[in-house]
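Report on the following structure.
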Amino acid sequence: MKMFYRVVMVLAVVWLAGCSSTGGTKGGVAVEDHSGTGAEGAAGGATTTGVGAYGDLSIEALNDPNSPLSQRVIYFAFDSSEVAEQDRPLVEAHAAFLVANPTVKVSVEGHTDERGSREYNIGLGDRRAQAVRRMLEFQGVSPSQITVISYGEEKPAVDGHDESAWSMNRRVELVYVGQ
Amino acid sequence: MKKFAISLFCLVALLPWFARAALTIEITQGIEGAVPIAVVPFGTGGNRYTPPENVSAIIAADLARSGRFAPLPEQNLVARPVDIGEVRFQDWRTLGVENLVIGSIEPAGADQYRVQFRLFDVFRGRQITGYSLPASAEGLRYVAHRISDLIYEALTGQPGAFATRIAYVISESLNGKKTYQLQLADSDGYNPKTLLSSPQPLMSPAWSPDGRKLAYVSFEKHRAAVFIQDIFTGKREELAAFAGINGAPAWSPDGRNMAVTLSRDGNPEIYSMRLSDKTLKRLTVGPSIDTEPVWSPDGRSIVFTSDRGGSPQLYRMPVQGGRAERVTFEGNYNASADFAPDGKTLAMVHGESGKYRIATLDLDSGLLRVLSDGSLDESPSFAPNGSMIIYATEAGHRGVLAAVSSDGRFRQRFSLQQGNVREPVWSPFEKRD
């Protein structure tokens, strides 16, 4: 187990190094220069960076609507728990933030659409949340920062009984505890 | 801390109270060949008073709801006999009525009544059965349902399940805030009582075999936990609150063990908890979702939902765990099983071509029958006599309950005035004596 964390830590360091070396080229990954910029920096970066940007890693960034950290929902295909390629940068941005702020805790909340049975959907929501948890941990986030909860189909984001509602309800929400 | 105080304030677990809304029942598909029966309004034994409940109307409605009987409309009654001496069988024979019920309800002291009834075979001109039952004003509806049970059993040979209850979950949005309620009502939708109200989801109610307690899942502490609550005293106990999933409680038929789904070992697995000391025994292994356990009525095996074969299907394993065999093969989605009381049939959610409906599976022949016609039907639960299956469906974009006879010929719907109602579970036969 210890060995595992050591590997994760090494990976995390390598990954962070990778981030800083690519710097602004891959959409403004700014691990070293976040200290001086704060909220304005992130806001300024919003014009030039997309979803893939990690931007500011300070606590304030969480509440900045222009920071990628403001996006906290990952959507899934029907009966799938696979994080789509296009959502990976979003999860990675949160991972980087959590690594940089080890006292911050996040609740990873899995949800499903209403189809099928309720307890099976609890299982499916859990599987989605676990997929995101594993990604976060793989990026170096400490397991102690993460709680996983599945609400199944019990807390739909959108009421409705068609695909447009269902696609919004098959999701994992990252909820920062106490924020 | 503030959050905790708020949830305490919002949680009313101790005092059941009468809810404003009752479930109203509408028969949506009748049966040809329901047996005509006349239920004559009960007399008052010569006393000039109006009894607090219309007992004969409750009995007639029960019999109609069973789908097996067609009570004569009151305006078509040719006579209104109260005593056996006033009955002229010829009157009823000409109407084609096969059975006749007469009776009376008389005061018997402060707040006490004596209800008498007689059931006749019209063609033979003979009494089939008759009883005299005491009741308090509050107990009159229950006594009416007991009489319906006795009539139903005398005429069909199968025990009636009218003097039973259903538990269900209601979700409502009030001023933009969601509330979840766990409620109980009589089998005809009357006397709804709220057992628990919470701003966080409540789900998966399950009856104890003695009908005195409900197990359920509550997210009131912002994580899942399984509780057991006494429906009479309101007293409750937290049974399982491990990290991760705590769900799908199911009592063993002897009431000693509770099957639950826990993900404390990393993945949703089924465990059996001995209630006397809460020791856990893990019954399933593997990376699939294993959940929704139900015990066979003989207490020997557990049927559950698993996606170990790629899609959710039902499997059966011994209660000690071990090798599970797959029991459903038709359709790409079979989940949420319930055993018929005789253990020979399973009801389930059956998904095919994007429609989720209630189906039964005959375990001997493997014959699958789709009984419902919705597209988002779920949570089937057998009546304790096996005659009907209650389930959750959708009508007018709202969650409603429906019931279908286990042969699929007769359907009815239970609606609320507002809010969504779901996860119905039919109680066992009640032992109130």
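Ordering of the structure tokens sets the chain letters (A, B, ...); residue numbers start at 1 within each chain; ligands are numbered from 1 in the order shown.
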
Exercise for the section: Pick out the residues sitting within 7 Å of B:Ser56, and hand them over as a list in words; count only C-alpha atoms, and ignore anything fewer than 5 positions along from it in its own chain. Expected result: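 What passes the distance filter is Val39, Val40, Pro41 and Phe42 of chain B.
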
Problem - Spatial neighbours of stretch 214-226 of chain B, max dist 6 Å, only C-alpha atoms, sep filter under 2 positions, as a ChimeraX atom specification - result: /B:200-208,228-229,239-241,246-247

With the cut-off set at 10 Å and counting only C-alpha atoms, tabulate each residue of chain A with an atom at most that distance from an atom of chain B, showing the nearest atom pair and its distance in Å to one decimal, ordered by chain and increasing number, as a tab-separated table.
```
residue	atom	partner	partner_atom	distance
A:Asp79	CA	B:Ser311	CA	8.9
A:Glu114	CA	B:Leu376	CA	8.1
A:Arg115	CA	B:Leu376	CA	6.4
A:Gly116	CA	B:Tyr356	CA	6.5
A:Ser117	CA	B:Ser336	CA	6.0
A:Arg118	CA	B:Ser379	CA	8.1
A:Glu119	CA	B:Ala248	CA	6.3
A:Tyr120	CA	B:Thr291	CA	6.4
A:Asn121	CA	B:Ile289	CA	9.6
A:Ile122	CA	B:Ile245	CA	7.6
A:Gly123	CA	B:Ile289	CA	5.9
A:Leu124	CA	B:Ile289	CA	7.5
A:Asp126	CA	B:Ile245	CA	7.7
A:Arg127	CA	B:Asn267	CA	8.1
A:Gln130	CA	B:Gly266	CA	9.0
A:Thr147	CA	B:Gly244	CA	8.4
A:Val148	CA	B:Gly244	CA	6.5
A:Ile149	CA	B:Gly244	CA	6.0
A:Ser150	CA	B:Ile245	CA	7.1
A:Tyr151	CA	B:Pro201	CA	8.1
A:Glu153	CA	B:Pro201	CA	9.9
A:Glu154	CA	B:Pro201	CA	6.2
A:Lys155	CA	B:Pro201	CA	7.5
A:Asp159	CA	B:His397	CA	9.4
A:Gly160	CA	B:His397	CA	7.5
A:His161	CA	B:His397	CA	7.4
```

Handout entry: DSSP alpha helix (DSSP H) residues within stretch 65-163 of chain A, listed as a ChimeraX atom specification
Key = /A:88-100,118-138,163

Include N, CA and C atoms and write out the residues we just selected as a short mmCIF file (atom, residue, chain, number, x, y, z; two decimals), in the first residue's frame.
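In the end it all went to selection.cif:
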```
data_model
loop_
_atom_site.label_atom_id
_atom_site.label_comp_id
_atom_site.auth_asym_id
_atom_site.auth_seq_id
_atom_site.Cartn_x
_atom_site.Cartn_y
_atom_site.Cartn_z
N ARG A 88 -11.60 14.81 -19.34
CA ARG A 88 -10.41 14.52 -18.56
C ARG A 88 -9.68 15.78 -18.08
N PRO A 89 -9.49 16.78 -18.97
CA PRO A 89 -8.81 18.00 -18.49
C PRO A 89 -9.55 18.65 -17.31
N LEU A 90 -10.86 18.55 -17.32
CA LEU A 90 -11.64 19.12 -16.22
C LEU A 90 -11.31 18.40 -14.90
N VAL A 91 -11.30 17.06 -14.95
CA VAL A 91 -10.97 16.30 -13.74
C VAL A 91 -9.52 16.60 -13.33
N GLU A 92 -8.65 16.71 -14.34
CA GLU A 92 -7.24 16.98 -14.04
C GLU A 92 -7.05 18.35 -13.39
N ALA A 93 -7.85 19.33 -13.82
CA ALA A 93 -7.76 20.66 -13.22
C ALA A 93 -8.13 20.59 -11.74
N HIS A 94 -9.16 19.83 -11.45
CA HIS A 94 -9.56 19.69 -10.04
C HIS A 94 -8.51 18.92 -9.25
N ALA A 95 -7.92 17.92 -9.90
CA ALA A 95 -6.87 17.16 -9.23
C ALA A 95 -5.70 18.08 -8.89
N ALA A 96 -5.30 18.91 -9.85
CA ALA A 96 -4.17 19.82 -9.61
C ALA A 96 -4.49 20.77 -8.47
N PHE A 97 -5.72 21.22 -8.48
CA PHE A 97 -6.14 22.14 -7.42
C PHE A 97 -6.08 21.45 -6.05
N LEU A 98 -6.57 20.22 -6.00
CA LEU A 98 -6.60 19.49 -4.71
C LEU A 98 -5.19 19.15 -4.25
N VAL A 99 -4.30 18.85 -5.20
CA VAL A 99 -2.92 18.56 -4.83
C VAL A 99 -2.27 19.82 -4.26
N ALA A 100 -2.59 20.95 -4.88
CA ALA A 100 -1.99 22.21 -4.42
C ALA A 100 -2.61 22.69 -3.11
N ARG A 118 -33.98 1.59 -8.75
CA ARG A 118 -33.34 2.62 -7.94
C ARG A 118 -32.06 2.16 -7.26
N GLU A 119 -32.08 0.96 -6.70
CA GLU A 119 -30.87 0.50 -6.01
C GLU A 119 -29.76 0.14 -7.00
N TYR A 120 -30.13 -0.40 -8.16
CA TYR A 120 -29.10 -0.65 -9.16
C TYR A 120 -28.47 0.69 -9.56
N ASN A 121 -29.31 1.72 -9.67
CA ASN A 121 -28.79 3.04 -10.02
C ASN A 121 -27.86 3.60 -8.94
N ILE A 122 -28.12 3.24 -7.68
CA ILE A 122 -27.17 3.62 -6.61
C ILE A 122 -25.81 2.99 -6.94
N GLY A 123 -25.82 1.73 -7.36
CA GLY A 123 -24.58 1.05 -7.73
C GLY A 123 -23.90 1.73 -8.91
N LEU A 124 -24.70 2.11 -9.90
CA LEU A 124 -24.15 2.75 -11.10
C LEU A 124 -23.58 4.14 -10.78
N GLY A 125 -24.30 4.88 -9.94
CA GLY A 125 -23.80 6.21 -9.52
C GLY A 125 -22.49 6.07 -8.77
N ASP A 126 -22.40 5.01 -7.95
CA ASP A 126 -21.17 4.75 -7.20
C ASP A 126 -20.02 4.45 -8.16
N ARG A 127 -20.32 3.65 -9.18
CA ARG A 127 -19.28 3.28 -10.15
C ARG A 127 -18.75 4.53 -10.88
N ARG A 128 -19.65 5.45 -11.22
CA ARG A 128 -19.23 6.70 -11.87
C ARG A 128 -18.36 7.53 -10.93
N ALA A 129 -18.82 7.65 -9.68
CA ALA A 129 -18.06 8.44 -8.71
C ALA A 129 -16.69 7.81 -8.45
N GLN A 130 -16.65 6.47 -8.40
CA GLN A 130 -15.37 5.78 -8.18
C GLN A 130 -14.40 6.02 -9.34
N ALA A 131 -14.96 6.09 -10.57
CA ALA A 131 -14.11 6.34 -11.73
C ALA A 131 -13.43 7.71 -11.60
N VAL A 132 -14.20 8.69 -11.15
CA VAL A 132 -13.64 10.03 -10.99
C VAL A 132 -12.67 10.05 -9.80
N ARG A 133 -13.04 9.36 -8.73
CA ARG A 133 -12.14 9.28 -7.57
C ARG A 133 -10.78 8.70 -7.98
N ARG A 134 -10.84 7.60 -8.74
CA ARG A 134 -9.58 6.96 -9.15
C ARG A 134 -8.72 7.92 -9.98
N MET A 135 -9.39 8.68 -10.88
CA MET A 135 -8.63 9.65 -11.68
C MET A 135 -7.97 10.69 -10.79
N LEU A 136 -8.72 11.18 -9.82
CA LEU A 136 -8.18 12.20 -8.91
C LEU A 136 -6.98 11.63 -8.15
N GLU A 137 -7.14 10.41 -7.65
CA GLU A 137 -6.06 9.83 -6.86
C GLU A 137 -4.85 9.53 -7.72
N PHE A 138 -5.12 9.12 -8.95
CA PHE A 138 -4.01 8.84 -9.87
C PHE A 138 -3.20 10.10 -10.14
N GLU A 163 -34.60 12.20 -23.06
CA GLU A 163 -33.15 12.14 -23.14
C GLU A 163 -32.50 13.49 -22.75
#
```

Handout entry: 9 Å contact set for stretch 300-304 of chain B, only C-alpha atoms, chain neighbours under 2 positions out, as JSON, numbers by chain
Key = {"B": [259, 270, 290, 291, 292, 293, 294, 295, 296, 297, 298, 306, 313, 314, 315, 316, 317, 318, 319, 320, 321, 324, 327, 335, 336, 337, 338, 339]}

Generate the output file for the selected residues, C-alpha atoms, as a short mmCIF file (atom, residue, chain, number, x, y, z; two decimals), in the first residue's frame.
```
data_model
loop_
_atom_site.label_atom_id
_atom_site.label_comp_id
_atom_site.auth_asym_id
_atom_site.auth_seq_id
_atom_site.Cartn_x
_atom_site.Cartn_y
_atom_site.Cartn_z
CA ALA B 259 -29.60 -8.56 3.66
CA ILE B 270 -24.49 -8.16 -0.75
CA ASP B 290 -24.47 -6.85 -6.85
CA THR B 291 -27.56 -5.42 -5.17
CA GLU B 292 -31.33 -5.63 -4.51
CA PRO B 293 -31.33 -8.87 -2.52
CA VAL B 294 -34.66 -10.59 -1.78
CA TRP B 295 -35.10 -13.75 0.28
CA SER B 296 -37.08 -16.67 -1.02
CA PRO B 297 -40.11 -17.29 1.25
CA ASP B 298 -38.55 -20.59 2.42
CA SER B 306 -26.04 -8.21 -10.84
CA GLN B 313 -29.93 -9.55 -14.65
CA LEU B 314 -31.35 -11.56 -11.76
CA TYR B 315 -29.30 -14.29 -10.09
CA ARG B 316 -30.03 -16.74 -7.34
CA MET B 317 -27.62 -17.93 -4.65
CA PRO B 318 -27.85 -19.92 -1.42
CA VAL B 319 -28.32 -17.74 1.70
CA GLN B 320 -24.79 -18.68 2.80
CA GLY B 321 -23.45 -17.15 -0.42
CA ALA B 324 -25.03 -17.89 -8.11
CA VAL B 327 -32.42 -16.77 -13.61
CA ALA B 335 -33.75 -5.96 -11.81
CA SER B 336 -35.50 -5.22 -8.50
CA ALA B 337 -37.01 -8.66 -7.90
CA ASP B 338 -39.78 -9.57 -5.46
CA PHE B 339 -40.87 -13.10 -4.60
#
```

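Between B:Ile102 and the candidates B:Val260, B:Leu63, B:Ile37, B:Gln158, the tightest atom-to-atom separation, counting only C-alpha atoms, involves B:Ile37.
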
Exercise for the section: Please give the complete set of residues from stretch 78-135 of chain A that DSSP, run on the backbone, assigns to strand (DSSP E), formatted as a count of residues only. Expected result: 6

Problem - Non-local contacts of A:Asp113 (8 Å; only C-alpha atoms; under 2 positions in same chain excluded) as a list of chain:residue names - result: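 So the residues in contact are A:His111, A:Arg115, A:Gly152, A:Glu153, A:Pro156, A:Trp166, A:Ser167, A:Asn169, A:Arg170.
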
Problem - Residue contacts of stretch 179-184 of chain B (8 Å, only C-alpha atoms) excluding same-chain residues fewer than 6 positions away, as a list in words - result: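 Close residues of stretch 179-184 of chain B: Arg165, Ile166, Ala167, Tyr168, Val169, Ile170, Ser171, Glu172, Ser173, Asn191, Pro192, Lys193, Thr194, Leu195, Leu196, Ser197, Ser198, Pro199, Gln200, Pro201 and Leu202 of chain B.
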